[in-house]
file model.cif (mmCIF, C-alpha atoms)
data_final
loop_
_atom_site.label_atom_id
_atom_site.label_comp_id
_atom_site.auth_asym_id
_atom_site.auth_seq_id
_atom_site.Cartn_x
_atom_site.Cartn_y
_atom_site.Cartn_z
CA MET Q 58 102.04 62.71 93.40
CA SER Q 59 105.62 63.90 93.63
CA GLY Q 60 106.48 67.24 92.11
CA GLU Q 61 103.11 68.72 93.08
CA PRO Q 62 103.20 71.75 95.36
CA THR Q 63 102.27 71.06 98.97
CA SER Q 64 100.51 74.38 99.42
CA SER Q 65 99.15 77.06 97.17
CA LEU Q 66 100.73 80.50 96.99
CA GLY Q 67 97.64 81.72 95.19
CA SER Q 68 96.13 81.73 91.75
CA ALA Q 69 97.58 82.92 88.47
CA LEU Q 70 95.58 83.84 85.38
CA LEU Q 71 97.20 83.47 81.96
CA VAL Q 72 95.49 85.71 79.39
CA LEU Q 73 96.01 84.42 75.86
CA GLY Q 74 95.01 86.21 72.70
CA CYS Q 75 95.05 85.09 69.11
CA PRO Q 76 97.71 82.38 68.71
CA GLN Q 77 99.08 84.01 65.57
CA VAL Q 78 102.64 84.00 66.94
CA PRO Q 79 103.82 80.38 67.36
CA VAL Q 80 105.67 80.83 70.67
CA GLN Q 81 102.49 81.60 72.64
CA THR Q 82 101.43 77.96 73.15
CA SER Q 83 104.81 76.62 74.22
CA ILE Q 84 105.50 79.55 76.54
CA ALA Q 85 102.03 79.20 78.08
CA LEU Q 86 102.68 75.51 78.84
CA TYR Q 87 106.14 76.37 80.19
CA LEU Q 88 104.74 79.10 82.44
CA ILE Q 89 101.91 76.85 83.67
CA ASN Q 90 104.48 74.21 84.62
CA ARG Q 91 106.71 76.70 86.46
CA LEU Q 92 103.78 78.24 88.32
CA LYS Q 93 102.40 74.85 89.40
CA LYS Q 94 105.80 73.70 90.63
CA SER Q 95 106.08 76.92 92.63
CA GLY Q 96 102.73 76.45 94.35
CA PHE Q 97 100.42 78.59 92.22
CA VAL Q 98 97.17 77.38 90.72
CA PRO Q 99 97.23 78.50 87.08
CA VAL Q 100 94.05 79.22 85.11
CA VAL Q 101 94.06 79.88 81.37
CA ALA Q 102 91.69 82.37 79.77
CA GLY Q 103 91.91 82.71 76.02
CA ASN Q 104 90.02 82.83 72.81
CA LYS Q 105 88.76 79.55 71.38
CA ALA Q 106 91.77 78.96 69.12
CA ALA Q 107 94.34 79.63 71.85
CA ASN Q 108 92.50 77.42 74.33
CA MET Q 109 92.14 74.55 71.84
CA LEU Q 110 95.85 74.60 70.99
CA LEU Q 111 96.65 74.07 74.67
CA VAL Q 112 93.98 71.43 75.25
CA ILE Q 113 95.13 69.45 72.21
CA ALA Q 114 98.81 69.83 73.17
CA ASP Q 115 98.12 68.48 76.69
CA PRO Q 116 95.16 66.08 76.33
CA ASP Q 117 95.85 64.27 79.62
CA ARG Q 118 96.15 67.60 81.44
CA HIS Q 119 99.61 66.97 82.83
CA TYR Q 120 100.17 70.72 82.92
CA LEU Q 121 96.91 72.33 81.93
CA GLY Q 122 94.23 72.76 84.55
CA GLU Q 123 91.24 75.06 84.31
CA VAL Q 124 90.62 76.70 80.94
CA MET Q 125 87.96 79.33 80.26
CA ASP Q 126 86.84 81.77 77.63
CA LEU Q 127 88.60 85.13 77.93
CA ASP Q 128 85.42 87.19 77.83
CA ARG Q 129 83.95 85.02 80.59
CA ALA Q 130 87.03 85.63 82.74
CA VAL Q 131 86.77 89.40 82.24
CA THR Q 132 83.08 89.31 83.17
CA MET Q 133 83.72 87.23 86.31
CA ILE Q 134 86.45 89.58 87.50
CA THR Q 135 84.40 92.68 86.69
CA GLU Q 136 81.42 91.31 88.61
CA LYS Q 137 83.71 90.45 91.57
CA LYS Q 138 82.80 86.76 91.30
CA ARG Q 139 86.43 85.76 90.92
CA ASP Q 140 89.89 87.25 91.02
CA PHE Q 141 93.51 86.15 90.91
CA ASP Q 142 96.77 86.92 92.69
CA ARG Q 143 98.89 87.13 89.54
CA CYS Q 144 97.94 87.79 85.94
CA PHE Q 145 100.17 87.08 82.96
CA VAL Q 146 98.98 88.74 79.75
CA PHE Q 147 100.50 87.52 76.49
CA ILE Q 148 101.00 90.47 74.14
CA HIS Q 149 101.98 90.42 70.47
CA ASN Q 150 99.65 93.19 69.23
CA ASP Q 151 97.68 96.23 70.41
CA ALA Q 152 94.73 94.09 71.53
CA GLY Q 153 97.01 92.38 74.05
CA ILE Q 154 97.95 95.76 75.51
CA SER Q 155 94.25 96.58 75.87
CA TYR Q 156 93.60 93.31 77.69
CA ALA Q 157 96.54 93.94 80.03
CA ALA Q 158 95.31 97.45 80.82
CA THR Q 159 91.83 96.08 81.42
CA MET Q 160 93.12 93.42 83.78
CA GLY Q 161 95.11 96.05 85.63
CA ALA Q 162 91.96 98.13 86.08
CA ILE Q 163 89.54 95.37 87.13
CA SER Q 164 91.72 92.89 89.02
CA LYS Q 165 93.68 93.00 92.24
CA ALA Q 166 96.28 90.74 90.59
CA LYS Q 167 99.89 91.74 90.13
CA ILE Q 168 100.14 92.17 86.36
CA TYR Q 169 102.92 90.70 84.25
CA THR Q 170 103.00 91.48 80.53
CA LEU Q 171 104.75 89.00 78.27
CA VAL Q 172 105.56 90.99 75.15
CA TYR Q 173 106.90 89.13 72.14
CA GLY Q 174 106.89 89.03 68.35
CA GLU Q 175 108.68 90.87 65.56
CA HIS Q 176 107.80 94.35 66.85
CA TYR Q 177 107.91 93.74 70.59
CA GLU Q 178 109.93 96.91 71.29
CA ASP Q 179 107.21 99.12 69.76
CA LEU Q 180 104.57 97.36 71.86
CA VAL Q 181 106.58 97.86 75.07
CA LYS Q 182 106.65 101.62 74.37
CA ASN Q 183 102.83 101.65 74.42
CA ILE Q 184 102.50 100.10 77.88
CA ASP Q 185 101.72 103.02 80.21
CA PHE Q 186 100.15 101.28 83.21
CA PRO Q 187 101.71 99.60 86.25
CA CYS Q 188 102.99 96.10 85.47
CA THR Q 189 106.11 94.01 85.26
CA ILE Q 190 107.20 93.87 81.62
CA ILE Q 191 108.80 90.69 80.35
CA ALA Q 192 109.81 91.19 76.72
CA ALA Q 193 111.81 89.46 74.02
CA LYS Q 194 111.95 89.16 70.26
CA ALA Q 195 110.38 85.73 70.04
CA VAL Q 196 108.30 84.58 67.09
CA HIS Q 197 109.16 80.97 66.25
CA ASN Q 198 111.86 80.32 68.83
CA PRO Q 199 110.53 80.47 72.41
CA LEU Q 200 113.97 80.51 74.08
CA PRO Q 201 114.43 84.32 74.21
CA LEU Q 202 111.07 84.73 75.97
CA LYS Q 203 111.72 81.75 78.25
CA LYS Q 204 115.04 83.33 79.25
CA ALA Q 205 113.33 86.68 79.95
CA ILE Q 206 110.71 84.93 82.10
CA ASP Q 207 113.37 83.05 84.04
CA GLU Q 208 115.25 86.30 84.73
CA VAL Q 209 112.18 87.87 86.31
CA THR Q 210 111.17 84.71 88.20
CA PRO Q 211 107.64 85.96 88.94
CA TRP Q 212 106.87 82.86 91.00
CA ALA Q 213 109.50 83.62 93.61
CA VAL Q 214 108.16 84.73 96.96
#
call {"tool": "encode", "arguments": {"input": "model.cif", "output": "structure tokens"}}
result
Amino acid sequence: MSGEPTSSLGSALLVLGCPQVPVQTSIALYLINRLKKSGFVPVVAGNKAANMLLVIADPDRHYLGEVMDLDRAVTMITEKKRDFDRCFVFIHNDAGISYAATMGAISKAKIYTLVYGEHYEDLVKNIDFPCTIIAAKAVHNPLPLKKAIDEVTPWAV
């Protein structure tokens, strides 16, 4: 199939929390698409609501590949049964920061935090662990966060 990567640069985990902020689903699909086109194998780990929004938005799995429960992903990484090369943690509240810090502690992945929402600047101030921060005031309009992602181009080798 044209447009598919010819070789894999590695795996990328997308960590999704509560889909309370509308931009999460569209940015997740956008990031999955960009990662796939760049040769990464994306895997989504989220809570049930976040996962179902993606599965329903892409029923034929044009973009979406493997989807798993977030707690299962944490357990698999902790038990050294699985790991990833890159990890993108979606953050719009304190719980997202905790998940990002956890991923940084248990995984060998390079951590990217995608911080968004009304109070994204306050959240960024609370990130005190090594990661690449991608941040924008994005609640309903995904374009500011898309632009911030494109400026970092985390899929570039």
call {"tool": "residues_near_point", "arguments": {"input": "model.cif", "point": "(108.1, 82.4, 69.7)", "cutoff": "12 Å", "atoms": "all atoms listed in the file", "output": "PDB file with C-alpha atoms, in the coordinates of the input"}}
result
ATOM      1  CA  PRO Q  76      97.710  82.380  68.710  1.00  0.00           C
ATOM      2  CA  GLN Q  77      99.080  84.010  65.570  1.00  0.00           C
ATOM      3  CA  VAL Q  78     102.640  84.000  66.940  1.00  0.00           C
ATOM      4  CA  PRO Q  79     103.820  80.380  67.360  1.00  0.00           C
ATOM      5  CA  VAL Q  80     105.670  80.830  70.670  1.00  0.00           C
ATOM      6  CA  GLN Q  81     102.490  81.600  72.640  1.00  0.00           C
ATOM      7  CA  THR Q  82     101.430  77.960  73.150  1.00  0.00           C
ATOM      8  CA  SER Q  83     104.810  76.620  74.220  1.00  0.00           C
ATOM      9  CA  ILE Q  84     105.500  79.550  76.540  1.00  0.00           C
ATOM     10  CA  ALA Q  85     102.030  79.200  78.080  1.00  0.00           C
ATOM     11  CA  PHE Q 147     100.500  87.520  76.490  1.00  0.00           C
ATOM     12  CA  ILE Q 148     101.000  90.470  74.140  1.00  0.00           C
ATOM     13  CA  HIS Q 149     101.980  90.420  70.470  1.00  0.00           C
ATOM     14  CA  LEU Q 171     104.750  89.000  78.270  1.00  0.00           C
ATOM     15  CA  VAL Q 172     105.560  90.990  75.150  1.00  0.00           C
ATOM     16  CA  TYR Q 173     106.900  89.130  72.140  1.00  0.00           C
ATOM     17  CA  GLY Q 174     106.890  89.030  68.350  1.00  0.00           C
ATOM     18  CA  GLU Q 175     108.680  90.870  65.560  1.00  0.00           C
ATOM     19  CA  TYR Q 177     107.910  93.740  70.590  1.00  0.00           C
ATOM     20  CA  ALA Q 192     109.810  91.190  76.720  1.00  0.00           C
ATOM     21  CA  ALA Q 193     111.810  89.460  74.020  1.00  0.00           C
ATOM     22  CA  LYS Q 194     111.950  89.160  70.260  1.00  0.00           C
ATOM     23  CA  ALA Q 195     110.380  85.730  70.040  1.00  0.00           C
ATOM     24  CA  VAL Q 196     108.300  84.580  67.090  1.00  0.00           C
ATOM     25  CA  HIS Q 197     109.160  80.970  66.250  1.00  0.00           C
ATOM     26  CA  ASN Q 198     111.860  80.320  68.830  1.00  0.00           C
ATOM     27  CA  PRO Q 199     110.530  80.470  72.410  1.00  0.00           C
ATOM     28  CA  LEU Q 200     113.970  80.510  74.080  1.00  0.00           C
ATOM     29  CA  PRO Q 201     114.430  84.320  74.210  1.00  0.00           C
ATOM     30  CA  LEU Q 202     111.070  84.730  75.970  1.00  0.00           C
ATOM     31  CA  LYS Q 203     111.720  81.750  78.250  1.00  0.00           C
ATOM     32  CA  LYS Q 204     115.040  83.330  79.250  1.00  0.00           C
TER      33      LYS Q 204
END
call {"tool": "resolve_selection", "arguments": {"input": "model.cif", "expression": "the PyMOL selection byres ((chain Q and resi 165) around 9)", "output": "list in words"}}
result
Asp140, Phe141, Asp142, Arg143, Met160, Gly161, Ala162, Ile163, Ser164, Ala166, Lys167 and Ile168 of chain Q
call {"tool": "residues_near_point", "arguments": {"input": "model.cif", "point": "(98.5, 90.4, 74.8)", "cutoff": "8 Å", "atoms": "all atoms listed in the file", "output": "PDB file with C-alpha atoms, keeping the file's coordinate frame"}}
result
ATOM      1  CA  VAL Q  72      95.490  85.710  79.390  1.00  0.00           C
ATOM      2  CA  LEU Q  73      96.010  84.420  75.860  1.00  0.00           C
ATOM      3  CA  GLY Q  74      95.010  86.210  72.700  1.00  0.00           C
ATOM      4  CA  VAL Q 146      98.980  88.740  79.750  1.00  0.00           C
ATOM      5  CA  PHE Q 147     100.500  87.520  76.490  1.00  0.00           C
ATOM      6  CA  ILE Q 148     101.000  90.470  74.140  1.00  0.00           C
ATOM      7  CA  HIS Q 149     101.980  90.420  70.470  1.00  0.00           C
ATOM      8  CA  ASN Q 150      99.650  93.190  69.230  1.00  0.00           C
ATOM      9  CA  ASP Q 151      97.680  96.230  70.410  1.00  0.00           C
ATOM     10  CA  ALA Q 152      94.730  94.090  71.530  1.00  0.00           C
ATOM     11  CA  GLY Q 153      97.010  92.380  74.050  1.00  0.00           C
ATOM     12  CA  ILE Q 154      97.950  95.760  75.510  1.00  0.00           C
ATOM     13  CA  SER Q 155      94.250  96.580  75.870  1.00  0.00           C
ATOM     14  CA  TYR Q 156      93.600  93.310  77.690  1.00  0.00           C
ATOM     15  CA  ALA Q 157      96.540  93.940  80.030  1.00  0.00           C
ATOM     16  CA  THR Q 170     103.000  91.480  80.530  1.00  0.00           C
ATOM     17  CA  LEU Q 171     104.750  89.000  78.270  1.00  0.00           C
ATOM     18  CA  VAL Q 172     105.560  90.990  75.150  1.00  0.00           C
TER      19      VAL Q 172
END
call {"tool": "closest_residue", "arguments": {"input": "model.cif", "among": "Q:Val131, Q:Leu88, Q:Lys182, Q:Arg118", "to": "Ala205 (chain Q)", "atoms": "only C-alpha atoms"}}
result
Q:Leu88
call {"tool": "axis_aligned_box", "arguments": {"input": "model.cif", "around": "region 180-188 of chain Q", "padding_each_side": "3 Å", "output": "JSON"}}
result
{"center_x": 103.4, "center_y": 99.6, "center_z": 79.1, "size_x": 12.5, "size_y": 12.9, "size_z": 20.4}
call {"tool": "atom_distance", "arguments": {"input": "model.cif", "atom1": "CA of Thr210 (chain Q)", "atom2": "CA of Tyr169 (chain Q)"}}
result
10.9 Å
call {"tool": "closest_residue", "arguments": {"input": "model.cif", "among": "Q:Leu121, Q:Ala102, Q:Val112, Q:Val209", "to": "Met133 (chain Q)", "atoms": "only C-alpha atoms"}}
result
Q:Ala102
call {"tool": "resolve_selection", "arguments": {"input": "model.cif", "expression": "the PyMOL selection byres ((chain Q and resi 67) around 8)", "output": "MDAnalysis selection string"}}
result
chainID Q and resid 65:66 68:69 96:98 141:143
call {"tool": "atom_distance", "arguments": {"input": "model.cif", "atom1": "CA of Val100 (chain Q)", "atom2": "CA of Arg139 (chain Q)"}}
result
11.6 Å
call {"tool": "closest_residue", "arguments": {"input": "model.cif", "among": "Q:Leu111, Q:Cys188, Q:Val101, Q:Leu180", "to": "Thr159 (chain Q)", "atoms": "all atoms listed in the file"}}
result
Q:Cys188
call {"tool": "atom_distance", "arguments": {"input": "model.cif", "atom1": "CA of Ser95 (chain Q)", "atom2": "CA of Ile184 (chain Q)"}}
result
27.7 Å
call {"tool": "residues_around", "arguments": {"input": "model.cif", "residues": "region 126-129 of chain Q", "least_positions_apart": "6", "cutoff": "7 Å", "atoms": "all atoms listed in the file", "output": "ChimeraX atom specification"}}
result
/Q:102-105
call {"tool": "decode", "arguments": {"input": "model.cif", "residues": "region 121-170 of chain Q", "atoms": "C-alpha atoms", "output": "tab-separated table (two decimals), in the first residue's frame"}}
result
chain	number	residue	atom	x	y	z
Q	121	LEU	CA	-5.39	3.51	14.46
Q	122	GLY	CA	-3.47	0.33	15.11
Q	123	GLU	CA	-3.00	-1.33	18.47
Q	124	VAL	CA	-5.06	0.05	21.35
Q	125	MET	CA	-4.72	-1.05	24.98
Q	126	ASP	CA	-5.81	-0.11	28.44
Q	127	LEU	CA	-3.48	2.41	30.08
Q	128	ASP	CA	-3.05	0.45	33.30
Q	129	ARG	CA	-2.17	-2.65	31.26
Q	130	ALA	CA	0.50	-0.70	29.38
Q	131	VAL	CA	2.02	0.57	32.64
Q	132	THR	CA	2.08	-2.97	34.04
Q	133	MET	CA	3.69	-4.40	30.89
Q	134	ILE	CA	6.42	-1.76	30.91
Q	135	THR	CA	7.01	-2.12	34.65
Q	136	GLU	CA	7.34	-5.90	34.31
Q	137	LYS	CA	9.76	-5.43	31.37
Q	138	LYS	CA	7.43	-7.35	29.05
Q	139	ARG	CA	7.24	-4.45	26.63
Q	140	ASP	CA	8.75	-1.04	26.04
Q	141	PHE	CA	8.73	1.71	23.44
Q	142	ASP	CA	11.21	4.03	21.74
Q	143	ARG	CA	9.10	7.16	22.07
Q	144	CYS	CA	6.27	8.03	24.45
Q	145	PHE	CA	3.83	10.88	23.94
Q	146	VAL	CA	1.83	11.73	27.06
Q	147	PHE	CA	-1.24	13.91	26.62
Q	148	ILE	CA	-1.55	16.29	29.58
Q	149	HIS	CA	-4.44	18.58	30.48
Q	150	ASN	CA	-4.43	18.04	34.26
Q	151	ASP	CA	-2.21	16.92	37.15
Q	152	ALA	CA	-2.95	13.24	36.51
Q	153	GLY	CA	-1.35	13.58	33.08
Q	154	ILE	CA	1.82	14.94	34.68
Q	155	SER	CA	1.88	11.93	37.01
Q	156	TYR	CA	1.55	9.53	34.08
Q	157	ALA	CA	4.35	11.30	32.21
Q	158	ALA	CA	6.64	11.13	35.25
Q	159	THR	CA	5.79	7.46	35.67
Q	160	MET	CA	6.58	6.71	32.04
Q	161	GLY	CA	9.87	8.56	32.40
Q	162	ALA	CA	10.75	6.40	35.40
Q	163	ILE	CA	9.73	2.98	34.04
Q	164	SER	CA	10.39	3.23	30.30
Q	165	LYS	CA	13.48	3.64	28.17
Q	166	ALA	CA	11.39	5.74	25.77
Q	167	LYS	CA	12.19	9.34	24.94
Q	168	ILE	CA	9.33	11.22	26.61
Q	169	TYR	CA	7.31	13.93	24.91
Q	170	THR	CA	4.66	15.76	26.91
